[in-house]
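Below: coords-v6.txt (compact mmCIF, C-alpha atoms and all ligand atoms)
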# COMPACT_ATOMS: atom_id res chain seq x y z
CA MET V 67 -22.84 0.28 -16.26
CA ARG V 68 -20.86 3.01 -17.98
CA SER V 69 -22.59 5.43 -20.31
CA TRP V 70 -22.49 5.23 -24.10
CA VAL V 71 -22.54 8.93 -24.51
CA ILE V 72 -19.52 11.17 -24.19
CA ARG V 73 -20.53 14.38 -22.50
CA PRO V 74 -20.27 17.30 -24.96
CA GLY V 75 -17.98 19.26 -22.63
CA GLU V 76 -15.51 16.35 -22.57
CA LYS V 77 -15.19 15.69 -26.28
CA ASP V 78 -12.23 18.03 -26.72
CA ASN V 79 -10.39 16.51 -23.78
CA LEU V 80 -10.99 12.98 -25.00
CA MET V 81 -9.81 13.98 -28.46
CA LYS V 82 -6.64 15.41 -26.95
CA ASP V 83 -6.03 12.26 -24.90
CA LEU V 84 -6.50 10.06 -27.95
CA ILE V 85 -4.03 12.09 -29.97
CA GLU V 86 -1.43 12.68 -27.27
CA THR V 87 -1.46 9.67 -24.98
CA ILE V 88 -1.17 5.93 -25.37
CA LEU V 89 -3.87 5.24 -22.78
CA SER V 90 -5.98 2.28 -23.87
CA PHE V 91 -9.62 2.68 -24.94
CA GLU V 92 -10.55 0.86 -21.77
CA LYS V 93 -8.56 3.28 -19.57
CA LEU V 94 -9.96 6.29 -21.42
CA GLY V 95 -13.44 4.87 -20.94
CA GLU V 96 -12.80 4.69 -17.21
CA LYS V 97 -11.49 8.24 -17.18
CA TYR V 98 -14.52 9.68 -18.99
CA GLY V 99 -17.10 7.37 -17.46
CA VAL V 100 -18.09 5.78 -20.77
CA SER V 101 -17.75 2.30 -22.23
CA ARG V 102 -14.69 1.17 -24.11
CA GLN V 103 -16.86 0.83 -27.19
CA ALA V 104 -18.01 4.44 -26.94
CA VAL V 105 -14.41 5.62 -26.96
CA TRP V 106 -13.63 3.40 -29.90
CA ASP V 107 -16.66 4.68 -31.90
CA PHE V 108 -15.64 8.26 -31.19
CA PHE V 109 -12.09 7.50 -32.33
CA LYS V 110 -13.31 5.89 -35.56
CA ARG V 111 -15.86 8.57 -36.37
CA ARG V 112 -13.29 11.32 -36.04
CA GLY V 113 -10.59 9.42 -37.90
CA ILE V 114 -8.07 10.12 -35.18
CA ARG V 115 -4.47 8.93 -35.53
CA ARG V 116 -3.08 7.55 -32.30
CA PRO V 117 0.59 7.68 -31.31
CA LEU V 118 2.43 4.37 -31.43
CA LYS V 119 3.17 2.71 -28.16
CA PRO V 120 6.82 3.08 -27.24
CA LYS V 121 8.58 -0.23 -27.72
CA GLY V 122 10.09 -2.24 -24.91
CA HIS V 123 9.40 -2.65 -21.27
CA GLN V 124 7.01 -0.21 -19.61
CA THR V 125 7.18 -0.24 -15.82
CA GLU V 126 3.74 1.34 -15.43
CA GLU V 127 2.11 -1.37 -17.48
CA CYS V 128 4.17 -4.31 -16.24
CA ARG V 129 2.29 -6.40 -13.70
CA LEU V 130 5.47 -7.86 -12.30
CA CYS V 131 7.00 -4.43 -11.73
CA GLN V 132 3.84 -3.17 -10.11
CA LYS V 133 3.80 -6.17 -7.80
CA LEU V 134 7.44 -5.64 -6.86
CA ILE V 135 6.76 -1.96 -6.13
CA GLN V 136 3.84 -2.93 -3.91
CA ILE V 137 5.95 -5.37 -1.91
CA SER V 138 8.79 -2.86 -1.63
CA LYS V 139 6.47 -0.35 0.02
CA ARG V 140 5.84 -2.57 3.03
CA PRO V 141 7.94 -1.90 6.13
CA HIS V 142 11.33 -3.65 6.27
CA SER V 143 10.87 -4.91 2.71
CA GLU V 144 14.65 -4.79 2.18
CA PHE V 145 14.97 -7.65 4.61
CA ILE V 146 12.95 -10.09 2.55
CA SER V 147 15.37 -12.65 1.13
CA ASN V 148 15.35 -12.99 -2.65
CA ARG V 149 14.17 -16.58 -2.32
CA THR V 150 11.06 -15.43 -0.44
CA LEU V 151 10.60 -12.61 -2.92
CA LEU V 152 10.65 -15.04 -5.85
CA LYS V 153 8.10 -17.21 -4.12
CA LYS V 154 5.83 -14.22 -3.56
CA ILE V 155 5.82 -13.17 -7.20
CA GLY V 156 6.09 -16.66 -8.63
CA VAL V 157 8.58 -16.17 -11.50
CA PRO V 158 12.06 -17.57 -12.17
CA LYS V 159 15.07 -15.67 -10.83
CA THR V 160 16.48 -14.39 -14.11
CA LYS V 161 13.13 -12.95 -15.10
CA CYS V 162 12.69 -11.28 -11.74
CA LEU V 163 16.19 -9.74 -11.83
CA TYR V 164 15.49 -8.00 -15.13
CA HIS V 165 12.52 -6.16 -13.64
CA LEU V 166 14.29 -5.47 -10.35
CA HIS V 167 17.17 -3.82 -12.20
CA LYS V 168 14.77 -1.66 -14.19
CA LEU V 169 13.03 -0.56 -11.03
CA ARG V 170 16.29 0.19 -9.21
CA ASP V 171 17.57 2.16 -12.20
CA LYS V 172 14.45 4.29 -12.17
CA GLY V 173 14.62 4.72 -8.40
CA LEU V 174 11.20 3.14 -7.99
CA VAL V 175 12.47 0.68 -5.40
CA SER V 176 15.33 1.05 -2.94
CA GLN V 177 18.81 0.02 -4.11
CA THR V 178 18.87 -2.63 -1.41
CA PHE V 179 15.48 -4.16 -2.19
CA GLY V 180 15.77 -7.80 -3.30
CA ARG V 181 19.46 -8.11 -2.44
CA LEU V 182 19.30 -10.16 0.74
CA ARG V 183 20.56 -13.64 -0.07
CA SER V 184 20.36 -15.49 3.21
CA LYS V 185 17.08 -16.97 4.29
CA ARG V 186 18.47 -17.28 7.81
CA ALA V 187 19.27 -13.58 7.87
CA GLU V 188 15.67 -12.93 6.86
CA ASN V 189 14.45 -15.07 9.76
CA ALA V 190 16.82 -13.37 12.19
CA TYR V 191 15.72 -9.91 11.05
CA GLY V 192 12.09 -10.97 11.38
CA ILE V 193 12.71 -11.59 15.09
CA TYR V 194 14.93 -8.52 15.46
CA PHE V 195 12.14 -6.21 14.26
CA THR V 196 9.40 -7.68 16.40
CA LYS V 197 10.87 -9.15 19.59
CA ARG V 198 12.80 -7.66 22.45
CA LEU V 199 15.69 -10.10 22.24
CA SER V 200 19.43 -9.55 22.31
CA ILE V 201 21.36 -10.24 19.12
CA SER V 202 23.05 -13.27 20.67
CA ALA V 203 19.67 -14.65 21.74
CA ILE V 204 18.44 -14.26 18.15
CA GLU V 205 21.60 -15.91 16.82
CA ARG V 206 20.99 -18.92 19.07
CA LYS V 207 17.31 -19.07 18.18
CA VAL V 208 17.86 -19.06 14.43
CA GLY V 209 21.13 -20.99 14.50
CA TYR V 210 22.88 -18.15 12.72
CA LYS V 211 26.14 -17.11 14.29
CA SER V 212 26.99 -14.22 12.00
CA PHE V 213 23.87 -12.10 12.52
CA ARG V 214 25.74 -9.43 14.47
CA SER V 215 28.36 -9.01 11.75
CA ILE V 216 25.66 -9.04 9.04
CA ILE V 217 23.89 -6.16 10.76
CA ARG V 218 27.16 -4.26 10.94
CA ARG V 219 27.88 -4.93 7.28
CA HIS V 220 24.39 -3.96 6.16
CA ARG V 221 24.57 -0.69 8.11
CA ALA V 222 27.93 0.09 6.52
CA LEU V 223 26.37 -0.51 3.11
CA GLY V 224 23.56 1.91 3.87
CA TRP V 225 20.76 -0.49 4.71
CA ASN V 226 18.16 0.98 6.97
CA VAL V 227 18.60 -1.25 10.03
CA PRO V 228 16.71 0.31 12.94
CA PRO V 229 18.08 0.06 16.49
CA SER V 230 17.34 -3.13 18.39
CA LEU V 231 14.21 -3.30 20.55
CA TYR V 232 16.34 -4.98 23.17
CA VAL V 233 17.09 -2.92 26.28
CA TYR V 234 20.12 -3.82 28.31
CA ASP V 235 19.32 -2.29 31.71
CA GLY V 236 20.17 -3.24 35.30
CA ARG V 237 17.55 -5.95 35.47
CA GLU V 238 18.59 -7.48 32.19
CA ARG V 239 22.23 -7.39 33.24
CA ARG V 240 21.38 -9.41 36.36
CA ARG V 241 19.37 -11.89 34.32
CA VAL V 242 22.25 -12.41 31.89
CA GLN V 243 24.71 -12.86 34.75
CA ILE V 244 22.54 -15.49 36.38
CA GLU V 245 22.16 -17.32 33.08
CA ARG V 246 25.90 -17.22 32.44
CA HIS V 247 26.54 -18.53 35.94
CA ARG V 248 24.08 -21.36 35.45
CA ARG V 249 25.67 -22.33 32.15
CA LYS V 250 29.10 -22.46 33.75
CA LYS V 251 27.82 -24.90 36.36
CA TRP V 252 26.69 -27.30 33.69
ZN ZN V 301 8.52 -5.17 -15.34

Entire entry expressed as structure tokens:
Amino acid sequence: MRSWVIRPGEKDNLMKDLIETILSFEKLGEKYGVSRQAVWDFFKRRGIRRPLKPKGHQTEECRLCQKLIQISKRPHSEFISNRTLLKKIGVPKTKCLYHLHKLRDKGLVSQTFGRLRSKRAENAYGIYFTKRLSISAIERKVGYKSFRSIIRRHRALGWNVPPSLYVYDGRERRRVQIERHRRKKW
């Protein structure tokens, strides 16, 4: 339960916040450890004039933007396809794009976040980041022949594609040779 009484030492600060910021009574209450009502009473008693809220979209107060920022902070978030992204946030595409553009403009998410179109590329990258498999093995697994060229294209466009976990050493070379040989026989 938050207090009803604003501590005497904090009255000046609260006054300043009321005059200079657009923080809500609720938020100010949290900041000063008092109820929303206590802030409101204080505001009324002193006859304070509050600044008008700036019109338009405010990233800090937009739940959708905040959710997108949260998702973008997870590792490899650029490699989430936009279809999956839409599912995660549960809004139509046009609405989502508006907020994505705002966030990119402000540099709050990476320029590449939310740009991946192919769901199959997303699946392929999912394997690429977690399994020690060659690119061709991933292509076969996902049924996606152009994964290698997609990686090349993404790198050229500045996407942060880490090196493959796959190690092509002497043992692996032998294994691939044997497999190739076996396939030829068939
Ligand atoms: Zn927004």

As a check of understanding: the span from atom CA of Ile146 of chain V to atom CA of Ser202 of chain V is 21.0 Å

Ligand ZN 301 (chain V): which residues are within 12 Å, counting all atoms listed in the file, as a VMD selection string?
-> chain V and resid 122 to 135 155 157 161 to 170 172 174

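Among V:Leu89, V:Ala222, V:Leu231, V:Ile216, the residue with the shortest atom-to-atom distance to Lys197 of chain V, counting only C-alpha atoms, is V:Leu231.
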
Å distance separating atom CA of Arg241 of chain V from atom CA of Glu188 of chain V, one decimal place | 27.7 Å

Interatomic distance between atom CA of Gly180 of chain V and atom CA of Val208 of chain V?
-> 21.1 Å

Segment 73-81 of chain V surroundings by all atoms listed in the file, 9 Å radius, close-in-sequence under 3 positions cut, as a list in words =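 Near segment 73-81 of chain V, the qualifying residues are Leu84, Ile85, Glu86, Leu94, Tyr98, Val105, Phe108, Phe109, Arg112 and Ile114 of chain V.
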
What lies within 8 Å of segment 190-194 of chain V using all atoms listed in the file, ignoring chain neighbours under 5 positions off, as a PyMOL selection string?
-> chain V and resi 145+199+201+204-205+208+210+213+230-231

Selected residue of minimal separation from Ser69 of chain V among V:Arg237, V:Lys82, V:Lys139, V:Lys97, counting all atoms listed in the file =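 Of V:Arg237, V:Lys82, V:Lys139, V:Lys97, the one nearest Ser69 of chain V is V:Lys97, counting all atoms listed in the file.
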
Centre, edges in Å (one decimal): axis-aligned box, segment 110-114 of chain V, 5 Å padding on all six sides, as JSON:
{"center_x": -12.0, "center_y": 8.6, "center_z": -36.5, "size_x": 17.8, "size_y": 15.4, "size_z": 12.7}

Which of these residues is nearest to Arg149 of chain V, using only C-alpha atoms: V:Gln136, V:Ser215, V:Thr196, V:Ser184?
-> V:Ser184

Could I get segment 71-98 of chain V from the block written out with N, CA and C atoms, as a PDB file, in the first residue's frame?
ATOM      1  N   VAL V  71       0.825  10.370   2.070  1.00  0.00           N
ATOM      2  CA  VAL V  71       1.496  11.613   2.418  1.00  0.00           C
ATOM      3  C   VAL V  71       2.775  11.795   1.614  1.00  0.00           C
ATOM      4  N   ILE V  72       2.882  12.937   0.974  1.00  0.00           N
ATOM      5  CA  ILE V  72       4.108  13.245   0.236  1.00  0.00           C
ATOM      6  C   ILE V  72       5.124  13.786   1.228  1.00  0.00           C
ATOM      7  N   ARG V  73       6.284  13.168   1.235  1.00  0.00           N
ATOM      8  CA  ARG V  73       7.307  13.586   2.201  1.00  0.00           C
ATOM      9  C   ARG V  73       7.683  15.042   1.936  1.00  0.00           C
ATOM     10  N   PRO V  74       7.811  15.842   3.032  1.00  0.00           N
ATOM     11  CA  PRO V  74       8.053  17.284   2.865  1.00  0.00           C
ATOM     12  C   PRO V  74       9.257  17.576   1.970  1.00  0.00           C
ATOM     13  N   GLY V  75      10.305  16.791   2.098  1.00  0.00           N
ATOM     14  CA  GLY V  75      11.515  17.023   1.295  1.00  0.00           C
ATOM     15  C   GLY V  75      11.295  16.785  -0.198  1.00  0.00           C
ATOM     16  N   GLU V  76      10.189  16.121  -0.548  1.00  0.00           N
ATOM     17  CA  GLU V  76       9.982  15.758  -1.959  1.00  0.00           C
ATOM     18  C   GLU V  76       8.973  16.660  -2.652  1.00  0.00           C
ATOM     19  N   LYS V  77       8.351  17.546  -1.878  1.00  0.00           N
ATOM     20  CA  LYS V  77       7.285  18.363  -2.466  1.00  0.00           C
ATOM     21  C   LYS V  77       7.773  19.205  -3.628  1.00  0.00           C
ATOM     22  N   ASP V  78       8.976  19.786  -3.474  1.00  0.00           N
ATOM     23  CA  ASP V  78       9.497  20.640  -4.553  1.00  0.00           C
ATOM     24  C   ASP V  78       9.756  19.829  -5.818  1.00  0.00           C
ATOM     25  N   ASN V  79      10.317  18.629  -5.610  1.00  0.00           N
ATOM     26  CA  ASN V  79      10.612  17.785  -6.772  1.00  0.00           C
ATOM     27  C   ASN V  79       9.334  17.363  -7.484  1.00  0.00           C
ATOM     28  N   LEU V  80       8.331  16.992  -6.708  1.00  0.00           N
ATOM     29  CA  LEU V  80       7.066  16.570  -7.304  1.00  0.00           C
ATOM     30  C   LEU V  80       6.443  17.736  -8.076  1.00  0.00           C
ATOM     31  N   MET V  81       6.508  18.903  -7.469  1.00  0.00           N
ATOM     32  CA  MET V  81       5.990  20.110  -8.108  1.00  0.00           C
ATOM     33  C   MET V  81       6.659  20.316  -9.464  1.00  0.00           C
ATOM     34  N   LYS V  82       7.978  20.186  -9.460  1.00  0.00           N
ATOM     35  CA  LYS V  82       8.767  20.360 -10.675  1.00  0.00           C
ATOM     36  C   LYS V  82       8.346  19.334 -11.733  1.00  0.00           C
ATOM     37  N   ASP V  83       8.208  18.079 -11.300  1.00  0.00           N
ATOM     38  CA  ASP V  83       7.807  17.022 -12.243  1.00  0.00           C
ATOM     39  C   ASP V  83       6.422  17.290 -12.817  1.00  0.00           C
ATOM     40  N   LEU V  84       5.535  17.775 -11.996  1.00  0.00           N
ATOM     41  CA  LEU V  84       4.175  18.052 -12.477  1.00  0.00           C
ATOM     42  C   LEU V  84       4.181  19.177 -13.514  1.00  0.00           C
ATOM     43  N   ILE V  85       5.028  20.161 -13.282  1.00  0.00           N
ATOM     44  CA  ILE V  85       5.057  21.309 -14.192  1.00  0.00           C
ATOM     45  C   ILE V  85       5.829  20.992 -15.472  1.00  0.00           C
ATOM     46  N   GLU V  86       6.882  20.182 -15.331  1.00  0.00           N
ATOM     47  CA  GLU V  86       7.797  20.021 -16.481  1.00  0.00           C
ATOM     48  C   GLU V  86       7.663  18.722 -17.249  1.00  0.00           C
ATOM     49  N   THR V  87       7.030  17.723 -16.667  1.00  0.00           N
ATOM     50  CA  THR V  87       6.946  16.446 -17.387  1.00  0.00           C
ATOM     51  C   THR V  87       5.486  16.090 -17.670  1.00  0.00           C
ATOM     52  N   ILE V  88       5.328  15.099 -18.556  1.00  0.00           N
ATOM     53  CA  ILE V  88       3.966  14.627 -18.826  1.00  0.00           C
ATOM     54  C   ILE V  88       3.731  13.267 -18.170  1.00  0.00           C
ATOM     55  N   LEU V  89       4.574  12.923 -17.194  1.00  0.00           N
ATOM     56  CA  LEU V  89       4.376  11.659 -16.478  1.00  0.00           C
ATOM     57  C   LEU V  89       2.974  11.644 -15.857  1.00  0.00           C
ATOM     58  N   SER V  90       2.328  10.487 -15.926  1.00  0.00           N
ATOM     59  CA  SER V  90       0.965  10.395 -15.393  1.00  0.00           C
ATOM     60  C   SER V  90       0.984  10.474 -13.863  1.00  0.00           C
ATOM     61  N   PHE V  91      -0.171  10.739 -13.283  1.00  0.00           N
ATOM     62  CA  PHE V  91      -0.279  10.776 -11.811  1.00  0.00           C
ATOM     63  C   PHE V  91       0.133   9.426 -11.233  1.00  0.00           C
ATOM     64  N   GLU V  92      -0.270   8.378 -11.940  1.00  0.00           N
ATOM     65  CA  GLU V  92       0.068   7.029 -11.495  1.00  0.00           C
ATOM     66  C   GLU V  92       1.595   6.842 -11.448  1.00  0.00           C
ATOM     67  N   LYS V  93       2.254   7.247 -12.531  1.00  0.00           N
ATOM     68  CA  LYS V  93       3.724   7.095 -12.627  1.00  0.00           C
ATOM     69  C   LYS V  93       4.422   7.956 -11.569  1.00  0.00           C
ATOM     70  N   LEU V  94       3.899   9.155 -11.373  1.00  0.00           N
ATOM     71  CA  LEU V  94       4.501  10.040 -10.362  1.00  0.00           C
ATOM     72  C   LEU V  94       4.307   9.442  -8.969  1.00  0.00           C
ATOM     73  N   GLY V  95       3.138   8.835  -8.771  1.00  0.00           N
ATOM     74  CA  GLY V  95       2.876   8.160  -7.499  1.00  0.00           C
ATOM     75  C   GLY V  95       3.908   7.073  -7.242  1.00  0.00           C
ATOM     76  N   GLU V  96       4.181   6.301  -8.295  1.00  0.00           N
ATOM     77  CA  GLU V  96       5.194   5.240  -8.168  1.00  0.00           C
ATOM     78  C   GLU V  96       6.544   5.841  -7.801  1.00  0.00           C
ATOM     79  N   LYS V  97       6.879   6.921  -8.506  1.00  0.00           N
ATOM     80  CA  LYS V  97       8.192   7.537  -8.302  1.00  0.00           C
ATOM     81  C   LYS V  97       8.357   8.041  -6.854  1.00  0.00           C
ATOM     82  N   TYR V  98       7.300   8.628  -6.308  1.00  0.00           N
ATOM     83  CA  TYR V  98       7.418   9.229  -4.978  1.00  0.00           C
ATOM     84  C   TYR V  98       6.861   8.342  -3.865  1.00  0.00           C
TER      85      TYR V  98
END
